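Enquirer: Structure file target_22.txt (compact mmCIF, C-alpha atoms) right here:
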# COMPACT_ATOMS: atom_id res chain seq x y z
CA MET A 271 409.85 132.96 307.11
CA THR A 272 408.63 130.94 304.16
CA ARG A 273 405.85 128.38 304.53
CA PHE A 274 408.33 125.64 303.58
CA LEU A 275 410.65 126.66 306.41
CA VAL A 276 407.77 126.79 308.91
CA THR A 277 406.70 123.29 307.82
CA LEU A 278 410.29 122.06 308.06
CA ASP A 279 410.61 123.48 311.59
CA ARG A 280 407.39 121.78 312.63
CA VAL A 281 408.44 118.41 311.18
CA ALA A 282 411.88 118.72 312.82
CA GLY A 283 410.20 119.55 316.12
CA ILE A 284 407.90 116.54 315.86
CA VAL A 285 410.82 114.21 315.05
CA LEU A 286 412.88 115.68 317.92
CA ALA A 287 409.92 115.25 320.28
CA LEU A 288 409.37 111.63 319.26
CA LEU A 289 413.09 110.86 319.69
CA LEU A 290 413.09 112.42 323.16
CA VAL A 291 409.98 110.50 324.23
CA ALA A 292 411.32 107.25 322.79
CA GLY A 293 414.69 107.77 324.49
CA GLY A 294 413.01 108.53 327.80
CA LEU A 295 410.78 105.44 327.60
CA LEU A 296 413.79 103.30 326.68
CA LEU A 297 415.71 104.59 329.72
CA LEU A 298 412.72 103.93 332.00
CA ASP A 299 412.25 100.40 330.66
CA TRP A 300 415.97 99.71 330.98
CA ARG A 301 415.71 100.34 334.71
CA LEU A 302 412.17 99.02 335.37
CA ASP A 303 412.50 96.00 333.02
CA THR A 304 408.80 95.76 332.13
CA VAL A 305 408.44 95.62 328.32
CA TRP A 306 411.59 94.96 326.31
CA HIS A 307 413.68 93.22 329.01
CA LEU A 308 416.90 94.99 328.07
CA PRO A 309 420.17 93.64 329.52
CA PRO A 310 421.16 95.42 332.75
CA VAL A 311 424.59 96.24 331.32
CA ALA A 312 424.91 98.12 328.00
CA HIS A 313 426.99 96.32 325.37
CA ILE A 314 427.74 98.24 322.17
CA GLY A 315 430.48 95.96 320.88
CA PRO A 316 429.22 95.96 317.25
CA VAL A 317 429.28 99.78 317.21
CA LEU A 318 432.83 99.84 318.59
CA ASP A 319 433.85 97.32 315.91
CA THR A 320 432.32 99.48 313.18
CA VAL A 321 434.24 102.63 314.13
CA LYS A 322 437.47 100.61 313.90
CA ARG A 323 436.90 99.68 310.23
CA VAL A 324 439.21 101.16 307.58
CA TRP A 325 436.43 102.94 305.72
CA TRP A 326 434.95 104.55 308.86
CA PRO A 327 437.05 107.78 308.98
CA ALA A 328 436.26 108.65 305.34
CA VAL A 329 432.53 108.02 305.83
CA ALA A 330 432.54 110.01 309.09
CA ALA A 331 434.33 112.93 307.42
CA VAL A 332 431.92 113.08 304.47
CA ALA A 333 428.84 112.67 306.70
CA GLY A 334 430.19 115.28 309.15
CA VAL A 335 430.82 117.88 306.45
CA LEU A 336 427.38 117.23 304.94
CA LEU A 337 425.68 117.59 308.34
CA VAL A 338 427.50 120.88 309.03
CA LEU A 339 426.50 122.25 305.61
CA VAL A 340 422.85 121.19 306.05
CA GLY A 341 422.73 122.71 309.53
CA LEU A 342 424.28 125.99 308.36
CA ARG A 343 421.85 126.23 305.42
CA TRP A 344 418.96 125.65 307.80
CA LEU A 345 420.21 128.35 310.16
CA VAL A 346 420.75 130.84 307.32
CA GLY A 347 417.16 130.24 306.22
CA HIS A 348 415.99 131.78 309.50
CA LEU A 349 417.95 134.99 308.98
CA PRO A 350 416.07 138.02 307.59
CA ARG A 351 416.14 137.76 303.82
CA ILE A 352 417.79 140.38 301.65
CA ARG A 353 415.03 140.63 299.08
CA ASN A 354 415.12 141.79 295.54
CA SER A 355 413.53 145.22 295.92
CA GLU A 356 412.10 145.09 292.40
CA ALA A 357 408.97 143.31 291.20
CA ARG A 358 408.28 142.27 287.62
CA LEU A 359 404.99 143.65 286.35
CA SER A 360 402.66 141.42 284.36
CA ALA A 361 402.53 144.01 281.57
CA SER A 362 406.06 142.92 280.65
CA SER A 363 406.30 141.26 277.25
CA GLY A 364 408.83 140.10 274.69
CA THR A 365 409.37 143.69 273.64
CA GLY A 366 410.36 144.88 277.09
CA ARG A 367 410.40 144.12 280.77
CA LEU A 368 408.71 146.38 283.35
CA ARG A 369 410.24 146.27 286.80
CA LEU A 370 408.91 148.20 289.76
CA ASP A 371 410.90 149.60 292.67
CA THR A 372 408.50 148.35 295.36
CA PRO A 373 410.03 150.13 298.42
CA SER A 374 409.30 153.49 296.81
CA VAL A 375 405.64 152.46 296.48
CA ALA A 376 405.63 151.47 300.16
CA ARG A 377 407.11 154.82 301.18
CA ALA A 378 404.64 156.76 299.05
CA GLY A 379 401.74 154.69 300.40
CA ALA A 380 402.76 155.33 304.00
CA SER A 381 403.06 159.02 303.30
CA ALA A 382 399.60 159.11 301.73
CA LEU A 383 398.12 157.12 304.63
CA THR A 384 399.46 159.44 307.32
CA SER A 385 396.92 161.86 308.71
CA ASP A 386 397.19 163.79 311.99
CA LEU A 387 393.59 163.14 312.99
CA VAL A 388 393.29 159.49 311.94
CA LEU A 389 396.67 157.79 311.47
CA PRO A 390 399.43 160.11 312.72
CA GLU A 391 402.23 157.54 312.28
CA ALA A 392 402.75 155.21 309.33
CA HIS A 393 405.59 153.45 307.61
CA GLY A 394 405.67 150.96 304.79
CA HIS A 395 407.74 148.02 303.67
CA VAL A 396 407.54 145.18 301.18
CA ARG A 397 407.05 141.57 302.25
CA GLU A 398 406.89 138.41 300.26
CA VAL A 399 403.73 136.37 300.84
CA ARG A 400 403.30 133.11 298.94
CA GLY A 401 405.95 134.18 296.46
CA ARG A 402 404.29 137.53 295.69
CA PRO A 403 405.40 140.98 296.82
CA LEU A 404 403.00 142.61 299.27
CA VAL A 405 403.20 146.27 300.23
CA GLN A 406 402.47 146.38 303.95
CA LEU A 407 401.73 149.72 305.58
CA GLU A 408 401.91 149.74 309.38
CA ALA A 409 400.32 152.64 311.21
CA ARG A 410 399.21 153.82 314.64
CA CYS A 411 395.74 155.27 314.95
CA ALA A 412 394.81 158.46 316.79
CA ARG A 413 392.98 157.96 320.08
CA GLU A 414 389.97 160.01 318.99
CA THR A 415 389.44 158.43 315.58
CA ASP A 416 386.79 155.94 314.38
CA VAL A 417 387.41 152.57 312.74
CA ALA A 418 385.30 153.84 309.84
CA ASP A 419 387.67 156.81 309.36
CA VAL A 420 390.64 154.44 309.37
CA ALA A 421 388.89 152.26 306.78
CA ASP A 422 388.18 155.29 304.58
CA ARG A 423 391.79 156.40 304.78
CA ALA A 424 393.05 152.90 303.93
CA ALA A 425 390.56 152.61 301.05
CA LEU A 426 391.86 155.89 299.64
CA VAL A 427 395.44 154.64 299.53
CA ALA A 428 394.40 151.17 298.30
CA GLY A 429 392.43 152.85 295.51
CA ASP A 430 395.48 154.90 294.47
CA VAL A 431 397.67 151.79 294.36
CA ALA A 432 394.97 149.82 292.48
CA ARG A 433 394.72 152.61 289.89
CA GLY A 434 398.51 152.68 289.53
CA PHE A 435 398.76 148.90 289.13
CA PRO A 436 395.39 147.74 287.76
CA SER A 437 396.71 144.25 286.96
CA GLY A 438 396.91 143.56 290.71
CA ASP A 439 400.66 143.00 290.62
CA LEU A 440 401.13 144.81 293.90
CA PRO A 441 398.60 143.99 296.62
CA LEU A 442 398.45 146.38 299.56
CA ARG A 443 397.77 145.61 303.21
CA VAL A 444 397.28 148.08 306.05
CA LEU A 445 397.94 147.05 309.67
CA VAL A 446 396.83 149.43 312.40
CA ASP A 447 398.11 149.38 315.96
CA ALA A 448 397.06 151.26 319.10
CA PRO A 449 397.98 154.88 319.70
CA ARG A 450 401.15 155.46 321.68
CA THR A 451 400.54 155.44 325.43
CA ARG A 452 401.00 158.90 326.85
CA VAL A 453 402.87 159.16 330.15
CA ARG A 454 400.12 161.23 331.75
CA ASP A 455 397.55 158.52 330.84
CA ARG A 456 399.49 155.94 332.78
CA ALA A 457 400.05 158.18 335.78
CA LYS A 458 396.49 159.38 336.22
CA PRO A 459 393.27 157.33 336.56
CA THR A 460 390.28 158.09 334.38
CA ARG A 461 388.84 161.47 335.34
CA ALA A 462 385.24 161.46 336.55
CA ARG A 463 382.72 163.25 334.34
CA VAL A 464 379.56 163.90 336.31
CA GLN A 465 376.52 165.58 334.82
CA MET B 296 373.14 147.62 335.82
CA SER B 297 372.52 146.86 332.17
CA THR B 298 374.27 144.72 329.58
CA SER B 299 373.95 144.77 325.82
CA THR B 300 375.78 143.22 322.89
CA THR B 301 376.11 144.12 319.22
CA SER B 302 377.94 142.51 316.33
CA SER B 303 379.06 144.05 313.09
CA GLY B 304 378.68 140.82 311.10
CA THR B 305 381.26 138.75 309.20
CA PRO B 306 382.91 140.51 306.26
CA ALA B 307 384.33 138.77 303.21
CA ARG B 308 387.94 137.67 303.77
CA PRO B 309 390.67 138.88 301.44
CA ALA B 310 392.51 136.38 299.25
CA LEU B 311 395.81 136.68 301.12
CA PRO B 312 396.12 134.98 304.51
CA GLY B 313 395.58 137.29 307.48
CA PRO B 314 398.51 138.56 309.56
CA ARG B 315 399.74 136.04 312.10
CA ALA B 316 402.49 135.86 314.69
CA LEU B 317 405.59 133.75 314.13
CA PRO B 318 404.87 130.09 314.97
CA ALA B 319 406.06 128.83 318.34
CA ALA B 320 407.92 126.15 316.39
CA ALA B 321 410.13 128.80 314.78
CA TRP B 322 412.87 128.28 317.39
CA LEU B 323 412.79 124.49 317.04
CA GLY B 324 414.32 124.64 313.54
CA PRO B 325 417.44 126.56 314.63
CA LEU B 326 417.73 124.29 317.68
CA VAL B 327 417.69 121.14 315.52
CA ALA B 328 420.07 122.83 313.05
CA LEU B 329 422.55 123.48 315.88
CA VAL B 330 422.27 119.84 317.01
CA ILE B 331 422.95 118.70 313.41
CA ILE B 332 425.99 121.02 313.16
CA ALA B 333 427.30 119.70 316.50
CA ALA B 334 426.89 116.09 315.27
CA GLY B 335 428.73 116.98 312.08
CA VAL B 336 431.61 118.55 314.01
CA VAL B 337 431.87 115.41 316.20
CA LEU B 338 431.99 113.18 313.10
CA VAL B 339 434.69 115.31 311.44
CA GLN B 340 436.70 115.28 314.68
CA GLU B 341 436.28 111.49 314.79
CA ALA B 342 437.69 111.20 311.26
CA LEU B 343 440.64 113.46 312.13
CA ALA B 344 441.32 111.38 315.26
CA ARG B 345 441.30 108.11 313.27
CA TRP B 346 443.70 109.64 310.74
CA GLY B 347 446.01 110.71 313.58
CA VAL B 348 445.60 114.46 313.06
CA VAL B 349 444.28 114.91 316.62
CA THR B 350 445.11 112.71 319.61
CA THR B 351 441.76 111.95 321.25
CA SER B 352 438.44 110.96 319.69
CA TRP B 353 435.34 112.54 321.27
CA LEU B 354 433.03 109.92 319.78
CA GLY B 355 435.38 107.09 320.80
CA SER B 356 435.46 108.37 324.40
CA LEU B 357 431.66 108.62 324.45
CA LEU B 358 431.15 105.09 323.07
CA THR B 359 433.72 103.65 325.49
CA GLY B 360 431.88 105.35 328.35
CA ILE B 361 428.52 103.92 327.26
CA ASP B 362 429.86 100.38 326.81
CA GLY B 363 429.45 98.49 330.06
CA MET B 364 427.21 101.12 331.65
CA ARG B 365 424.65 99.87 334.16
CA ALA B 366 421.06 101.07 334.68
CA GLY B 367 421.66 103.06 337.84
CA THR B 368 419.12 104.99 339.88
CA TRP B 369 419.73 108.12 337.77
CA VAL B 370 418.06 106.41 334.80
CA VAL B 371 414.48 106.84 336.07
CA PRO B 372 414.55 110.62 336.65
CA ALA B 373 416.49 111.09 333.39
CA GLY B 374 413.87 109.06 331.52
CA VAL B 375 410.99 111.01 333.06
CA VAL B 376 412.65 114.33 332.17
CA LEU B 377 413.24 113.19 328.58
CA VAL B 378 409.60 112.12 328.17
CA LEU B 379 408.28 115.40 329.64
CA VAL B 380 410.60 117.54 327.49
CA GLY B 381 409.59 115.50 324.44
CA LEU B 382 405.89 116.08 325.09
CA LEU B 383 406.54 119.81 325.58
CA VAL B 384 408.44 120.00 322.29
CA LEU B 385 405.59 118.12 320.59
CA LEU B 386 403.04 120.67 321.87
CA VAL B 387 405.21 123.56 320.68
CA ALA B 388 405.71 121.96 317.25
CA LEU B 389 401.96 121.49 316.74
CA LYS B 390 400.82 124.83 318.16
CA PRO B 391 399.06 126.85 315.43
CA ARG B 392 400.15 130.39 314.55
CA ARG B 393 398.30 133.02 316.57
CA ARG B 394 396.17 135.59 314.76
CA THR B 395 397.36 139.05 315.72
CA HIS B 396 394.82 141.39 314.11
CA VAL B 397 391.08 141.83 313.56
CA HIS B 398 389.80 142.28 310.03
CA VAL B 399 388.05 145.53 309.17
CA ASP B 400 385.33 145.50 306.55
CA GLY B 401 385.91 147.78 303.57
CA GLU B 402 387.59 148.17 300.21
CA ALA B 403 391.13 147.91 301.60
CA ASP B 404 392.86 144.86 303.06
CA LEU B 405 392.78 146.45 306.50
CA TRP B 406 393.57 144.83 309.85
CA ILE B 407 393.63 146.35 313.32
CA THR B 408 395.00 145.06 316.62
CA PRO B 409 392.70 144.30 319.58
CA THR B 410 394.80 146.79 321.58
CA ALA B 411 393.88 149.56 319.15
CA LEU B 412 390.19 148.65 319.36
CA THR B 413 390.44 148.70 323.14
CA ALA B 414 391.98 152.18 323.11
CA LEU B 415 389.29 153.51 320.75
CA ALA B 416 386.49 151.95 322.82
CA ARG B 417 387.94 153.41 326.02
CA ASP B 418 388.14 156.89 324.51
CA ALA B 419 384.56 156.61 323.22
CA ALA B 420 383.18 155.50 326.59
CA GLU B 421 385.14 158.13 328.53
CA GLY B 422 383.68 160.83 326.29
CA VAL B 423 380.10 160.09 327.36
CA PRO B 424 378.90 162.69 329.93
CA GLY B 425 378.17 161.10 333.30
CA VAL B 426 380.63 158.21 332.99
CA ALA B 427 382.99 158.20 335.95
CA ARG B 428 385.23 155.21 335.32
CA VAL B 429 385.88 152.95 332.35
CA SER B 430 387.64 149.62 332.02
CA VAL B 431 387.99 147.85 328.68
CA THR B 432 389.25 144.40 327.75
CA GLY B 433 389.72 143.22 324.20
CA SER B 434 390.50 140.06 322.28
CA ARG B 435 390.47 139.08 318.61
CA SER B 436 386.77 138.27 318.83
CA ALA B 437 385.25 140.67 321.37
CA VAL B 438 385.67 144.04 323.07
CA LYS B 439 384.12 144.31 326.52
CA VAL B 440 383.52 147.73 328.03
CA ARG B 441 382.61 148.28 331.64
CA ALA B 442 381.54 151.82 332.51
CA ALA B 443 380.72 153.07 336.00
CA ALA B 444 378.40 156.03 336.51
CA GLU B 445 376.42 157.48 339.38
CA ARG B 446 373.27 156.92 337.33
CA PRO B 447 374.11 153.94 335.06
CA GLU B 448 370.60 153.64 333.66
CA ASP B 449 370.96 157.12 332.15
CA VAL B 450 374.27 156.50 330.38
CA ALA B 451 373.92 152.86 329.26
CA ASP B 452 372.47 153.59 325.83
CA ALA B 453 374.81 156.48 325.17
CA VAL B 454 377.91 154.39 326.02
CA GLN B 455 376.63 151.53 323.89
CA GLU B 456 376.05 153.81 320.93
CA ALA B 457 379.36 155.66 321.32
CA VAL B 458 381.44 152.47 321.47
CA ALA B 459 379.51 150.66 318.72
CA SER B 460 379.77 153.57 316.31
CA ARG B 461 383.47 154.04 317.10
CA LEU B 462 384.24 150.38 316.32
CA ALA B 463 381.78 149.95 313.42
CA GLY B 464 383.36 147.90 310.66
CA ALA B 465 385.69 145.86 312.87
CA ASP B 466 384.89 142.15 312.96
CA VAL B 467 384.38 141.94 316.73
CA ARG B 468 381.51 141.64 319.17
CA VAL B 469 381.06 144.69 321.34
CA SER B 470 379.53 144.32 324.76
CA VAL B 471 378.91 147.18 327.16
CA ARG B 472 378.09 146.85 330.83
CA THR B 473 377.27 149.78 333.04
CA THR B 474 377.49 149.72 336.82
CA ARG B 475 376.86 152.17 339.65
CA TYR B 476 379.88 154.31 340.49
CA ARG B 477 380.90 154.34 344.15
CA PRO B 478 383.65 156.86 344.87
CA GLU B 479 386.47 155.69 347.13
CA GLY B 480 385.60 156.31 350.79
CA ALA B 481 381.87 156.54 350.12
CA GLN B 482 379.60 154.76 352.63
CA LEU B 483 377.75 151.75 351.20
Starting from the file, give its structure as structure tokens.
Expert:
Amino acid sequence: MTRFLVTLDRVAGIVLALLLVAGGLLLLDWRLDTVWHLPPVAHIGPVLDTVKRVWWPAVAAVAGVLLVLVGLRWLVGHLPRIRNSEARLSASSGTGRLRLDTPSVARAGASALTSDLVLPEAHGHVREVRGRPLVQLEARCARETDVADVADRAALVAGDVARGFPSGDLPLRVLVDAPRTRVRDRAKPTRARVQ
Amino acid sequence: MSTSTTSSGTPARPALPGPRALPAAAWLGPLVALVIIAAGVVLVQEALARWGVVTTSWLGSLLTGIDGMRAGTWVVPAGVVLVLVGLLVLLVALKPRRRTHVHVDGEADLWITPTALTALARDAAEGVPGVARVSVTGSRSAVKVRAAAERPEDVADAVQEAVASRLAGADVRVSVRTTRYRPEGAQL
């Protein structure tokens, strides 16, 4: 999700919340008659007159179609994006354009990161963060490894990518998760080791 | 019983924002979008009804139902529910995105989950001779290890060193507590 969409969702949520609270307070005051002294019987004559005007159907049709289109566009914005898998390198110039197939870099990075003793599982994909492509490698660490070993392994791959793209066109991020839970670990409590 | 705490310090943050979970407000957008689409459909149906394409108008029926309505007893519970739901939606809309990983100091932009740190700390503590039982809890700021041994005073330093060296580089506080191990069924 883009930052704009996240902001839009938050603003929409705040507006929806305020409308709900206002509607609830209005209903309560209608019954309790403490603040606004609303009439006990609802009269919406002016509204009924408006929807009988000649121009009303045309306005309703246009507004309805616009609302449906806006709603659909908003929904589509939440679907996973089909990204352009290529990134333009800053070394491009008037004489030629350099485009990089970023998924292949992600695959190669994941392959280089994988190590039986440190990070036995890894896969890579390309994300877009603040309008820039980011190669994100996601791995699971081995149970017996050290954080320092993981950092060394990640630094190795990051160094390779930095040497390949010294202009910094393709930042790399490594996310490490826990080792897979073995069935026998769940079934058996920690074994006692007594000196 | 002994307790000790170490910290690996605060590393420099990378330029890109750290990994975070989807915001809780992420489902509010689609919800509002569906409401907008429903309103649009009602308006289009209203236009078709006024033009005589369809026989009944949904909006007209709704407005006719509202006109002349009295504030019955149902209004109070409905109002209370609306206010409570509104406040809940407001909390969700303002809730910040949760950080999911802990930063690891080094040359790479490396992040690790608290679950992974917990697993590594557990393995390190279990590997110390004399430790009988280990429980570990972890969060984005701290990993707490509790190790039980028959002679806790003998293993406290070794557990502390094993866990601290295993997690060195991760931006978390490590605290180790050792207690006396009492096997099940043993007389106190």
Enquirer: Measuring between only C-alpha atoms, which one of B:Glu421, B:Glu456, B:Asp466, B:Asp449 shows the shortest distance to Arg435 in chain B?
Expert: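 So, comparing all the options, the nearest one is B:Asp466.
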Enquirer: For Thr384 in chain A, work out the shell of residues within 12 Å, counting all atoms listed in the file and skipping chain neighbours fewer than 2 positions away, then give it as JSON, numbers by chain.
Expert: {"A": [377, 378, 379, 380, 381, 382, 386, 387, 388, 389, 390, 391, 392, 393, 394, 407, 408, 409, 410, 411, 412, 420, 423, 424, 426, 427, 444, 446]}
Enquirer: Go through chain A and flag each residue having an atom no more than 6 Å from chain B; for those, report the closest pair of atoms plus their distance in Å to one decimal, using all atoms listed in the file, ordered by chain and rising number, as a tab-separated table.
Expert:
residue	atom	partner	partner_atom	distance
A:Asp279	CA	B:Gly324	CA	4.3
A:Arg280	CA	B:Ala388	CA	4.9
A:Gly283	CA	B:Ala388	CA	5.2
A:Ile284	CA	B:Leu385	CA	5.5
A:Ala287	CA	B:Gly381	CA	4.2
A:Leu290	CA	B:Gly381	CA	4.8
A:Val291	CA	B:Val378	CA	4.3
A:Gly294	CA	B:Gly374	CA	3.9
A:Leu297	CA	B:Gly374	CA	5.2
A:Leu298	CA	B:Gly374	CA	5.3
A:Arg301	CA	B:Ala366	CA	5.4
A:Pro310	CA	B:Arg365	CA	5.8
A:Val311	CA	B:Arg365	CA	4.6
A:Ala312	CA	B:Gly363	CA	5.0
A:His313	CA	B:Asp362	CA	5.2
A:Ile314	CA	B:Asp362	CA	5.5
A:Pro327	CA	B:Ala342	CA	4.2
A:Ala330	CA	B:Leu338	CA	5.1
A:Ala331	CA	B:Val339	CA	4.7
A:Gly334	CA	B:Gly335	CA	3.7
A:Leu337	CA	B:Gly335	CA	4.9
A:Val338	CA	B:Ile332	CA	4.4
A:Gly341	CA	B:Ala328	CA	4.4
A:Leu345	CA	B:Pro325	CA	5.6
A:Arg413	CA	B:Leu415	CA	5.8
A:Asp416	CA	B:Arg461	CA	4.7
A:Val417	CA	B:Leu462	CA	5.3
A:Ala424	CA	B:Ala403	CA	5.8
A:Ala425	CA	B:Ala403	CA	4.8
A:Ala428	CA	B:Ala403	CA	5.7
A:Arg443	CA	B:Asp404	CA	5.0
A:Val444	CA	B:Leu405	CA	4.8
A:Leu445	CA	B:Trp406	CA	4.9
A:Val446	CA	B:Ile407	CA	4.5
A:Asp447	CA	B:Ala411	CA	5.3
A:Ala448	CA	B:Ala411	CA	3.6
A:Thr460	CA	B:Arg428	CA	5.9
A:Ala462	CA	B:Ala427	CA	4.0
A:Arg463	CA	B:Gly425	CA	5.1
A:Val464	CA	B:Gly425	CA	4.3
A:Gln465	CA	B:Gly425	CA	5.0
Enquirer: To one decimal in Å, tell me the separation between CA of Leu440 in chain A and CA of Arg392 in chain B.
Expert: 25.2 Å
Enquirer: I'd like the interatomic distance between CA of Arg472 in chain B and CA of Gln455 in chain B, to a tenth of an Å.
Expert: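 Here the two named atoms are 8.5 Å from each other.
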Enquirer: For CA of Val399 in chain A and CA of Met271 in chain A, determine how far apart the two atoms are, in Å to one decimal place.
Expert: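 Value for the CA of Val399 in chain A-CA of Met271 in chain A distance: 9.4 Å.
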Enquirer: Nearest residue to Asp419 in chain A out of A:Leu404, A:Leu286, A:Leu383, A:Ala376, using only C-alpha atoms?
Expert: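 Of A:Leu404, A:Leu286, A:Leu383, A:Ala376, the one nearest Asp419 in chain A is A:Leu383, counting only C-alpha atoms.
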Enquirer: Which one is closest to Ala420 in chain B: B:Val349, B:Ala453, B:Leu357, B:Val469? Count all atoms listed in the file.
Expert: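 Ranked by minimum distance to Ala420 in chain B, first place goes to B:Ala453.
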Enquirer: Restricting the calculation to all atoms listed in the file: of A:Val324, A:Leu442, A:Arg273, A:Arg397, which residue gets closest to Pro350 in chain A?
Expert: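 Ranked by minimum distance to Pro350 in chain A, first place goes to A:Arg397.
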Enquirer: Calculated over only C-alpha atoms, which of the candidates B:Val454, B:Arg315, B:Arg393, B:Thr351 has the smallest distance to Arg441 in chain B?
Expert: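 Using only C-alpha atoms, Arg441 in chain B sits closest to B:Val454.
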